[in-house]
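Enquirer: What follows is a single structure, and I will ask about it in a moment.
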Amino acid sequence: MPVAKSHATLSPRTNVVLLFVWAMGIVVPFLVIQPRLPIALGLAGGLLGAIAGTMQHLSMSQDPSRFEAASSLMGVRRAFTSTAWGRKYIAWLYFCKVVLLLIAFLLIREPLFRVALGYLAAYFSLMLVRDAVTLRDTYILHSLGDSSTASTEIS
């Protein structure tokens, strides 16, 4: 009986690629397009991302088999909503989006293009740190998937 492959967002390779994408999403607005964006935006995003990554880690640690079995993005979301830390993580991520938008408006104020760039840089900072915190978990899930596939093939 074939085992469903875990969703790509749970693979270490995808997460390493995303780390580079998020890093470029930070570098371009801060250094290339608008060098005067407040560094506090990146720091706020990073801090919120560390908390989000910790929540995501705790959720994945509570029920790794559910994450390993998730073969779609909705399956990954269901795996998160099946744990208390996962539900907190999802709510935290929505909260962070609003907070980062407010911080961008308060620190930059004008023009709207710079506010949008500041928000994106802060959001990418959040995603970079979140993915860095949970990268180890993707390797663990990947090794669990390999061992269950191997045991299925043996039996």
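Ordering of the structure tokens sets the chain letters (A, B, ...), residue numbers begin anew at 1 in every chain, and ligands are numbered from 1 in the order given.
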Just want the 10 Å neighbourhood of Ile90 of chain A, counted on only C-alpha atoms, with same-chain residues fewer than 6 positions away dropped. Output as an MDAnalysis selection string.
Expert: chainID A and resid 52 55:56 77 80:81 96
Enquirer: Mind dumping the selected residues with C-alpha atoms as an mmCIF file, in the first residue's frame?
Expert:
data_model
loop_
_atom_site.group_PDB
_atom_site.id
_atom_site.type_symbol
_atom_site.label_atom_id
_atom_site.label_comp_id
_atom_site.auth_asym_id
_atom_site.auth_seq_id
_atom_site.Cartn_x
_atom_site.Cartn_y
_atom_site.Cartn_z
ATOM 1 C CA ALA A 52 5.922 31.913 15.889
ATOM 2 C CA MET A 55 4.892 27.709 18.630
ATOM 3 C CA GLN A 56 5.223 25.881 15.321
ATOM 4 C CA ARG A 77 -3.251 23.282 8.393
ATOM 5 C CA PHE A 80 -1.698 22.514 13.121
ATOM 6 C CA THR A 81 -5.306 22.908 14.220
ATOM 7 C CA CYS A 96 1.561 39.398 13.750
#
Enquirer: Excluding segment 122-138 of chain A and any residue of its chain fewer than 5 positions from it, enumerate the residues within 10 Å of it, using only C-alpha atoms, and give them as a PyMOL selection string.
Expert: chain A and resi 9-16+18-27+29-30+38-58+60-61+64+67-68+93+96-97+100-101+103-104+116-117+143-144
Enquirer: Go ahead and save the picked residues with C-alpha atoms, as a short mmCIF file (atom, residue, chain, number, x, y, z; two decimals), in the first residue's frame.
Expert:
data_model
loop_
_atom_site.label_atom_id
_atom_site.label_comp_id
_atom_site.auth_asym_id
_atom_site.auth_seq_id
_atom_site.Cartn_x
_atom_site.Cartn_y
_atom_site.Cartn_z
CA THR A 9 6.35 22.80 2.79
CA LEU A 10 7.44 20.17 5.33
CA SER A 11 10.56 19.13 3.41
CA PRO A 12 14.01 20.38 4.46
CA ARG A 13 14.93 21.24 0.86
CA THR A 14 11.91 23.51 0.42
CA ASN A 15 12.58 25.19 3.76
CA VAL A 16 16.23 25.89 2.90
CA LEU A 18 12.50 29.51 1.53
CA LEU A 19 15.19 30.75 3.92
CA PHE A 20 17.06 32.22 0.93
CA VAL A 21 13.84 33.69 -0.51
CA TRP A 22 12.95 35.34 2.81
CA ALA A 23 16.53 36.64 3.17
CA MET A 24 16.36 38.22 -0.28
CA GLY A 25 12.97 39.67 0.63
CA ILE A 26 14.68 41.42 3.52
CA VAL A 27 17.84 42.53 1.74
CA PRO A 29 13.82 46.48 0.58
CA PHE A 30 16.35 47.37 3.30
CA PRO A 38 13.68 51.66 10.06
CA ILE A 39 15.68 48.66 11.27
CA ALA A 40 13.08 48.28 14.03
CA LEU A 41 10.77 46.75 11.40
CA GLY A 42 13.18 43.90 10.78
CA LEU A 43 13.82 43.44 14.49
CA ALA A 44 10.10 43.37 15.30
CA GLY A 45 9.50 40.84 12.53
CA GLY A 46 12.38 38.70 13.74
CA LEU A 47 11.19 38.73 17.34
CA LEU A 48 7.62 37.84 16.35
CA GLY A 49 9.04 35.16 14.04
CA ALA A 50 11.02 33.58 16.88
CA ILE A 51 7.83 33.27 18.91
CA ALA A 52 5.92 31.91 15.89
CA GLY A 53 8.69 29.41 15.17
CA THR A 54 8.66 28.21 18.77
CA MET A 55 4.89 27.71 18.63
CA GLN A 56 5.22 25.88 15.32
CA HIS A 57 8.00 23.69 16.78
CA LEU A 58 5.90 22.82 19.83
CA MET A 60 5.06 19.71 15.36
CA SER A 61 6.59 18.06 18.43
CA PRO A 64 4.70 14.56 14.32
CA PHE A 67 2.43 16.38 10.00
CA GLU A 68 4.21 13.49 8.34
CA LEU A 93 0.46 34.59 12.70
CA CYS A 96 1.56 39.40 13.75
CA LYS A 97 0.40 40.51 10.31
CA LEU A 100 3.62 44.52 11.64
CA LEU A 101 1.31 46.59 9.45
CA ILE A 103 4.35 49.23 13.16
CA ALA A 104 5.13 49.96 9.50
CA ALA A 116 4.28 48.58 1.96
CA LEU A 117 8.01 47.86 1.51
CA SER A 143 13.74 11.20 8.71
CA LEU A 144 10.48 9.90 10.25
#
Enquirer: Separation of atom CA of Asp63 of chain A and atom CA of Ser82 of chain A, in Å?
Expert: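 Going from atom CA of Asp63 of chain A over to atom CA of Ser82 of chain A covers 8.4 Å.
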Enquirer: Smallest atom-to-atom distance to Arg114 of chain A: which of A:Leu37, A:Ala70, A:Val17, A:Val28, using only C-alpha atoms?
Expert: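 Under the stated criterion, the closest residue is A:Leu37.
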Enquirer: Suppose you want the space between atom CA of Leu107 of chain A and atom CA of Arg36 of chain A; what is it in Å?
Expert: 11.2 Å
Enquirer: Mind checking DSSP for chain A and telling me the alpha helix (DSSP H) residues as an MDAnalysis selection string?
Expert: chainID A and resid 12:27 39:62 64:69 73:81 84:108 112:154
